[in-house]
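Participant: My file is final.tsv. It has TSV, N, CA and C atoms:
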chain	number	residue	atom	x	y	z
L	1	MET	N	-13.63	-23.10	-4.74
L	1	MET	CA	-14.04	-22.87	-3.36
L	1	MET	C	-13.91	-21.39	-2.99
L	2	ILE	N	-12.80	-20.80	-3.39
L	2	ILE	CA	-12.58	-19.40	-3.04
L	2	ILE	C	-13.61	-18.52	-3.73
L	3	SER	N	-13.92	-18.82	-5.00
L	3	SER	CA	-14.88	-18.00	-5.71
L	3	SER	C	-16.27	-18.10	-5.09
L	4	SER	N	-16.64	-19.29	-4.61
L	4	SER	CA	-17.95	-19.42	-3.99
L	4	SER	C	-18.02	-18.66	-2.67
L	5	VAL	N	-16.93	-18.68	-1.90
L	5	VAL	CA	-16.89	-17.94	-0.64
L	5	VAL	C	-16.98	-16.44	-0.93
L	6	MET	N	-16.22	-15.99	-1.93
L	6	MET	CA	-16.24	-14.57	-2.26
L	6	MET	C	-17.61	-14.15	-2.76
L	7	LYS	N	-18.27	-15.03	-3.52
L	7	LYS	CA	-19.61	-14.72	-4.03
L	7	LYS	C	-20.59	-14.57	-2.86
L	8	GLN	N	-20.49	-15.48	-1.88
L	8	GLN	CA	-21.38	-15.41	-0.73
L	8	GLN	C	-21.10	-14.17	0.11
L	9	VAL	N	-19.82	-13.83	0.25
L	9	VAL	CA	-19.46	-12.64	1.01
L	9	VAL	C	-19.98	-11.40	0.30
L	10	SER	N	-19.86	-11.37	-1.02
L	10	SER	CA	-20.31	-10.19	-1.74
L	10	SER	C	-21.83	-10.02	-1.65
L	11	THR	N	-22.58	-11.13	-1.61
L	11	THR	CA	-24.04	-11.00	-1.47
L	11	THR	C	-24.40	-10.45	-0.10
L	12	ILE	N	-23.63	-10.79	0.91
L	12	ILE	CA	-23.89	-10.26	2.25
L	12	ILE	C	-23.58	-8.77	2.29
L	13	PHE	N	-22.46	-8.37	1.64
L	13	PHE	CA	-22.06	-6.97	1.68
L	13	PHE	C	-22.95	-6.08	0.84
L	14	ASN	N	-23.61	-6.62	-0.16
L	14	ASN	CA	-24.39	-5.81	-1.07
L	14	ASN	C	-25.84	-5.60	-0.61
L	15	ARG	N	-26.15	-5.97	0.60
L	15	ARG	CA	-27.50	-5.75	1.11
L	15	ARG	C	-27.72	-4.28	1.42
L	16	PRO	N	-28.76	-3.68	0.88
L	16	PRO	CA	-28.98	-2.25	1.16
L	16	PRO	C	-29.45	-2.00	2.59
L	17	ASN	N	-30.16	-2.95	3.20
L	17	ASN	CA	-30.67	-2.70	4.55
L	17	ASN	C	-29.54	-2.60	5.57
L	18	VAL	N	-28.39	-3.19	5.28
L	18	VAL	CA	-27.26	-3.08	6.19
L	18	VAL	C	-26.74	-1.65	6.20
L	19	ALA	N	-26.69	-1.04	5.02
L	19	ALA	CA	-26.18	0.33	4.94
L	19	ALA	C	-27.16	1.32	5.54
L	20	LEU	N	-28.45	1.03	5.49
L	20	LEU	CA	-29.44	1.98	5.99
L	20	LEU	C	-29.57	1.96	7.50
L	21	ASN	N	-29.18	0.86	8.16
L	21	ASN	CA	-29.34	0.75	9.60
L	21	ASN	C	-27.97	0.93	10.27
L	22	PRO	N	-27.62	2.14	10.72
L	22	PRO	CA	-26.28	2.36	11.27
L	22	PRO	C	-26.06	1.68	12.61
L	23	LEU	N	-27.13	1.34	13.31
L	23	LEU	CA	-26.96	0.69	14.61
L	23	LEU	C	-26.70	-0.79	14.48
L	24	ASN	N	-26.85	-1.31	13.28
L	24	ASN	CA	-26.69	-2.73	13.06
L	24	ASN	C	-25.21	-3.10	13.13
L	25	TRP	N	-24.90	-4.18	13.82
L	25	TRP	CA	-23.49	-4.58	13.96
L	25	TRP	C	-22.92	-5.05	12.64
L	26	GLU	N	-23.78	-5.38	11.68
L	26	GLU	CA	-23.30	-5.81	10.38
L	26	GLU	C	-22.66	-4.66	9.60
L	27	LEU	N	-22.83	-3.44	10.09
L	27	LEU	CA	-22.24	-2.30	9.42
L	27	LEU	C	-20.71	-2.43	9.39
L	28	GLN	N	-20.14	-3.05	10.40
L	28	GLN	CA	-18.70	-3.26	10.40
L	28	GLN	C	-18.30	-4.17	9.25
L	29	GLN	N	-19.10	-5.18	8.95
L	29	GLN	CA	-18.79	-6.06	7.85
L	29	GLN	C	-19.00	-5.35	6.51
L	30	TRP	N	-19.82	-4.30	6.50
L	30	TRP	CA	-20.05	-3.55	5.27
L	30	TRP	C	-18.73	-2.96	4.76
L	31	ARG	N	-17.86	-2.60	5.67
L	31	ARG	CA	-16.58	-2.02	5.29
L	31	ARG	C	-15.65	-3.05	4.68
L	32	GLY	N	-15.85	-4.30	4.99
L	32	GLY	CA	-15.06	-5.36	4.38
L	32	GLY	C	-13.86	-5.75	5.20
L	33	ILE	N	-13.25	-6.83	4.79
L	33	ILE	CA	-12.04	-7.33	5.43
L	33	ILE	C	-10.91	-7.21	4.43
L	34	ARG	N	-9.82	-6.64	4.88
L	34	ARG	CA	-8.67	-6.48	4.00
L	34	ARG	C	-7.52	-7.33	4.52
L	35	VAL	N	-6.89	-8.02	3.58
L	35	VAL	CA	-5.74	-8.85	3.91
L	35	VAL	C	-4.65	-8.56	2.91
L	36	LYS	N	-3.45	-8.31	3.40
L	36	LYS	CA	-2.33	-8.05	2.51
L	36	LYS	C	-1.62	-9.37	2.19
L	37	VAL	N	-1.27	-9.51	0.92
L	37	VAL	CA	-0.50	-10.67	0.49
L	37	VAL	C	0.96	-10.26	0.52
L	38	ARG	N	1.71	-10.90	1.38
L	38	ARG	CA	3.13	-10.56	1.53
L	38	ARG	C	4.00	-11.65	0.93
L	39	ASN	N	5.00	-11.24	0.21
L	39	ASN	CA	5.97	-12.16	-0.42
L	39	ASN	C	5.28	-13.20	-1.30
L	40	ASN	N	4.22	-12.79	-1.97
L	40	ASN	CA	3.46	-13.68	-2.86
L	40	ASN	C	2.99	-14.95	-2.16
L	41	ASN	N	2.75	-14.87	-0.86
L	41	ASN	CA	2.30	-16.02	-0.08
L	41	ASN	C	0.78	-15.97	0.03
L	42	LEU	N	0.12	-16.51	-1.01
L	42	LEU	CA	-1.34	-16.47	-1.07
L	42	LEU	C	-1.98	-17.38	-0.02
L	43	ASP	N	-1.34	-18.52	0.28
L	43	ASP	CA	-1.89	-19.44	1.27
L	43	ASP	C	-1.99	-18.78	2.64
L	44	GLN	N	-0.95	-18.05	3.02
L	44	GLN	CA	-0.96	-17.36	4.31
L	44	GLN	C	-2.02	-16.28	4.33
L	45	ALA	N	-2.18	-15.57	3.21
L	45	ALA	CA	-3.19	-14.51	3.14
L	45	ALA	C	-4.60	-15.10	3.25
L	46	LEU	N	-4.84	-16.23	2.59
L	46	LEU	CA	-6.15	-16.88	2.69
L	46	LEU	C	-6.42	-17.36	4.11
L	47	PHE	N	-5.38	-17.88	4.76
L	47	PHE	CA	-5.52	-18.33	6.14
L	47	PHE	C	-5.89	-17.16	7.04
L	48	LEU	N	-5.21	-16.02	6.85
L	48	LEU	CA	-5.52	-14.83	7.66
L	48	LEU	C	-6.93	-14.33	7.38
L	49	MET	N	-7.34	-14.38	6.10
L	49	MET	CA	-8.69	-13.95	5.76
L	49	MET	C	-9.73	-14.83	6.44
L	50	GLN	N	-9.47	-16.14	6.45
L	50	GLN	CA	-10.40	-17.06	7.10
L	50	GLN	C	-10.49	-16.77	8.59
L	51	ARG	N	-9.35	-16.52	9.22
L	51	ARG	CA	-9.35	-16.21	10.65
L	51	ARG	C	-10.12	-14.92	10.94
L	52	LYS	N	-9.91	-13.90	10.09
L	52	LYS	CA	-10.62	-12.64	10.28
L	52	LYS	C	-12.12	-12.81	10.07
L	53	MET	N	-12.49	-13.64	9.09
L	53	MET	CA	-13.90	-13.88	8.85
L	53	MET	C	-14.54	-14.58	10.04
L	54	GLN	N	-13.82	-15.53	10.62
L	54	GLN	CA	-14.35	-16.25	11.78
L	54	GLN	C	-14.51	-15.31	12.96
L	55	SER	N	-13.51	-14.48	13.21
L	55	SER	CA	-13.56	-13.62	14.39
L	55	SER	C	-14.59	-12.52	14.24
L	56	SER	N	-14.85	-12.06	13.02
L	56	SER	CA	-15.81	-10.97	12.84
L	56	SER	C	-17.24	-11.46	12.70
L	57	GLY	N	-17.44	-12.77	12.51
L	57	GLY	CA	-18.79	-13.30	12.43
L	57	GLY	C	-19.33	-13.42	11.02
L	58	ILE	N	-18.53	-13.07	10.04
L	58	ILE	CA	-19.00	-13.17	8.66
L	58	ILE	C	-19.24	-14.63	8.29
L	59	GLU	N	-18.40	-15.50	8.80
L	59	GLU	CA	-18.55	-16.92	8.48
L	59	GLU	C	-19.91	-17.44	8.97
L	60	ARG	N	-20.32	-17.00	10.16
L	60	ARG	CA	-21.63	-17.41	10.66
L	60	ARG	C	-22.75	-16.87	9.78
L	61	LEU	N	-22.59	-15.62	9.32
L	61	LEU	CA	-23.59	-15.05	8.43
L	61	LEU	C	-23.70	-15.84	7.13
L	62	ILE	N	-22.56	-16.24	6.60
L	62	ILE	CA	-22.57	-17.01	5.36
L	62	ILE	C	-23.24	-18.35	5.58
L	63	LYS	N	-22.91	-19.01	6.66
L	63	LYS	CA	-23.53	-20.30	6.94
L	63	LYS	C	-25.03	-20.16	7.16
L	64	ARG	N	-25.43	-19.06	7.79
L	64	ARG	CA	-26.86	-18.84	8.02
L	64	ARG	C	-27.60	-18.56	6.72
L	65	GLU	N	-26.91	-17.96	5.75
L	65	GLU	CA	-27.54	-17.60	4.49
L	65	GLU	C	-27.62	-18.77	3.51
L	66	GLN	N	-26.97	-19.88	3.81
L	66	GLN	CA	-26.98	-21.00	2.88
L	66	GLN	C	-28.40	-21.52	2.71
L	67	LEU	N	-28.75	-21.81	1.46
L	67	LEU	CA	-30.11	-22.21	1.17
L	67	LEU	C	-30.24	-23.70	0.88
L	68	HIS	N	-29.15	-24.44	0.95
L	68	HIS	CA	-29.23	-25.86	0.64
L	68	HIS	C	-29.83	-26.64	1.81
L	69	HIS	N	-30.23	-27.84	1.52
L	69	HIS	CA	-30.85	-28.69	2.53
L	69	HIS	C	-29.83	-29.11	3.58
L	70	ILE	N	-30.22	-29.03	4.84
L	70	ILE	CA	-29.36	-29.48	5.94
L	70	ILE	C	-29.88	-30.82	6.41
L	71	LYS	N	-28.99	-31.80	6.42
L	71	LYS	CA	-29.40	-33.14	6.82
L	71	LYS	C	-29.80	-33.14	8.30
L	72	ASN	N	-30.63	-34.11	8.66
L	72	ASN	CA	-31.08	-34.21	10.06
L	72	ASN	C	-29.92	-34.45	11.00
L	73	SER	N	-28.93	-35.23	10.55
L	73	SER	CA	-27.77	-35.48	11.41
L	73	SER	C	-27.00	-34.18	11.67
L	74	GLU	N	-26.90	-33.32	10.64
L	74	GLU	CA	-26.24	-32.04	10.83
L	74	GLU	C	-27.04	-31.16	11.77
L	75	LYS	N	-28.37	-31.21	11.66
L	75	LYS	CA	-29.21	-30.43	12.56
L	75	LYS	C	-29.01	-30.87	14.00
L	76	ARG	N	-28.92	-32.19	14.21
L	76	ARG	CA	-28.70	-32.70	15.57
L	76	ARG	C	-27.36	-32.23	16.11
L	77	VAL	N	-26.32	-32.29	15.28
L	77	VAL	CA	-25.00	-31.85	15.72
L	77	VAL	C	-25.04	-30.36	16.07
L	78	LEU	N	-25.65	-29.56	15.21
L	78	LEU	CA	-25.74	-28.12	15.48
L	78	LEU	C	-26.54	-27.85	16.75
L	79	ALA	N	-27.64	-28.57	16.93
L	79	ALA	CA	-28.46	-28.38	18.12
L	79	ALA	C	-27.67	-28.75	19.38
L	80	ARG	N	-26.90	-29.83	19.31
L	80	ARG	CA	-26.08	-30.23	20.46
L	80	ARG	C	-25.02	-29.17	20.77
L	81	LYS	N	-24.38	-28.64	19.73
L	81	LYS	CA	-23.36	-27.62	19.95
L	81	LYS	C	-23.97	-26.36	20.55
L	82	ILE	N	-25.14	-25.97	20.06
L	82	ILE	CA	-25.81	-24.79	20.60
L	82	ILE	C	-26.19	-25.02	22.06
L	83	LEU	N	-26.69	-26.21	22.37
L	83	LEU	CA	-27.05	-26.53	23.75
L	83	LEU	C	-25.83	-26.51	24.66
L	84	GLU	N	-24.71	-27.09	24.18
L	84	GLU	CA	-23.49	-27.08	25.00
L	84	GLU	C	-23.01	-25.66	25.24
L	85	ARG	N	-23.08	-24.82	24.22
L	85	ARG	CA	-22.66	-23.42	24.36
L	85	ARG	C	-23.56	-22.71	25.37
L	86	LYS	N	-24.86	-22.98	25.30
L	86	LYS	CA	-25.81	-22.35	26.22
L	86	LYS	C	-25.54	-22.79	27.66
L	87	ILE	N	-25.31	-24.09	27.86
L	87	ILE	CA	-25.03	-24.60	29.20
L	87	ILE	C	-23.75	-24.01	29.76
L	88	ARG	N	-22.71	-23.92	28.89
L	88	ARG	CA	-21.44	-23.33	29.34
L	88	ARG	C	-21.63	-21.89	29.77
L	89	SER	N	-22.40	-21.13	29.01
L	89	SER	CA	-22.59	-19.73	29.36
L	89	SER	C	-23.40	-19.60	30.64
L	90	GLN	N	-24.39	-20.47	30.83
L	90	GLN	CA	-25.18	-20.43	32.07
L	90	GLN	C	-24.31	-20.79	33.27
L	91	GLU	N	-23.43	-21.80	33.11
L	91	GLU	CA	-22.54	-22.18	34.22
L	91	GLU	C	-21.59	-21.04	34.56
L	92	LEU	N	-21.06	-20.39	33.52
L	92	LEU	CA	-20.17	-19.27	33.76
L	92	LEU	C	-20.90	-18.13	34.47
L	93	ALA	N	-22.14	-17.86	34.06
L	93	ALA	CA	-22.93	-16.81	34.72
L	93	ALA	C	-23.17	-17.15	36.18
L	94	ARG	N	-23.47	-18.43	36.45
L	94	ARG	CA	-23.68	-18.85	37.84
L	94	ARG	C	-22.41	-18.67	38.67
L	95	LYS	N	-21.26	-19.06	38.10
L	95	LYS	CA	-19.99	-18.92	38.82
L	95	LYS	C	-19.68	-17.45	39.11
L	96	LEU	N	-19.87	-16.60	38.08
L	96	LEU	CA	-19.60	-15.18	38.28
L	96	LEU	C	-20.53	-14.58	39.32
L	97	LYS	N	-21.79	-15.00	39.30
L	97	LYS	CA	-22.75	-14.50	40.28
L	97	LYS	C	-22.34	-14.89	41.69
L	98	SER	N	-21.92	-16.14	41.87
L	98	SER	CA	-21.51	-16.59	43.21
L	98	SER	C	-20.25	-15.85	43.67
L	99	ILE	N	-19.33	-15.58	42.73
L	99	ILE	CA	-18.13	-14.84	43.10
L	99	ILE	C	-18.49	-13.42	43.52
L	100	LEU	N	-19.38	-12.78	42.78
L	100	LEU	CA	-19.78	-11.42	43.15
L	100	LEU	C	-20.50	-11.38	44.49
L	101	ILE	N	-21.34	-12.36	44.75
L	101	ILE	CA	-22.05	-12.43	46.03
L	101	ILE	C	-21.05	-12.59	47.17
L	102	LYS	N	-20.05	-13.47	46.98
L	102	LYS	CA	-19.03	-13.66	48.02
L	102	LYS	C	-18.26	-12.38	48.28
L	103	LYS	N	-17.94	-11.64	47.21
L	103	LYS	CA	-17.18	-10.39	47.38
L	103	LYS	C	-18.02	-9.35	48.11
L	104	VAL	N	-19.30	-9.27	47.78
L	104	VAL	CA	-20.15	-8.28	48.42
L	104	VAL	C	-20.33	-8.64	49.90
L	105	ARG	N	-20.53	-9.89	50.21
L	105	ARG	CA	-20.71	-10.32	51.60
L	105	ARG	C	-19.40	-10.22	52.39
L	106	GLY	N	-18.29	-10.38	51.68
L	106	GLY	CA	-16.99	-10.33	52.36
L	106	GLY	C	-16.58	-8.96	52.79
L	107	LEU	N	-17.15	-7.93	52.16
L	107	LEU	CA	-16.81	-6.55	52.52
L	107	LEU	C	-17.52	-6.18	53.76
Go through the file and emit its structure as structure tokens.
Facilitator:
Amino acid sequence: MISSVMKQVSTIFNRPNVALNPLNWELQQWRGIRVKVRNNNLDQALFLMQRKMQSSGIERLIKREQLHHIKNSEKRVLARKILERKIRSQELARKLKSILIKKVRGL
């Protein structure tokens, strides 16, 4: 499992178009993720690496690059999650807009 993840990460990092486009946010991933193994605790280091990959967006890039067939049920689940995320962001935008309007009118 680890070797397959590392192979996928290395294919993402070895793209020449990422290095040529300095405005691209993927340039940060070009530098790589470093994790120190302390006290020979490899499990903790792998956990930290996974967390860093999730927070930096590399995990999403890897999932997007996968070429295998995605089942229809997985597509439905992904579509539902995307829709829920979109609705949450729209609701948050509406709430923030109403708060800003109230503050402007209150002054």
Participant: Quick one: distance from atom CA of L:Lys75 to atom CA of L:Arg60 in Å, one decimal?
Facilitator: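 Between atom CA of L:Lys75 and atom CA of L:Arg60 the gap works out to 15.2 Å.
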Participant: Using Å and a single decimal, report how far atom C of L:Gly32 sits from atom N of L:Lys52.
Facilitator: 10.3 Å
Participant: Enter the distance from atom CA of L:Val35 to atom CA of L:Gln66, in Å, rounded to one decimal.
Facilitator: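 Between atom CA of L:Val35 and atom CA of L:Gln66 the gap works out to 24.5 Å.
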Participant: From the list L:Val77, L:Ile101, L:Met49, L:Leu67, which residue is nearest L:Ile33 when using all atoms listed in the file?
Facilitator: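 Distance minimum relative to L:Ile33 lands on L:Met49.
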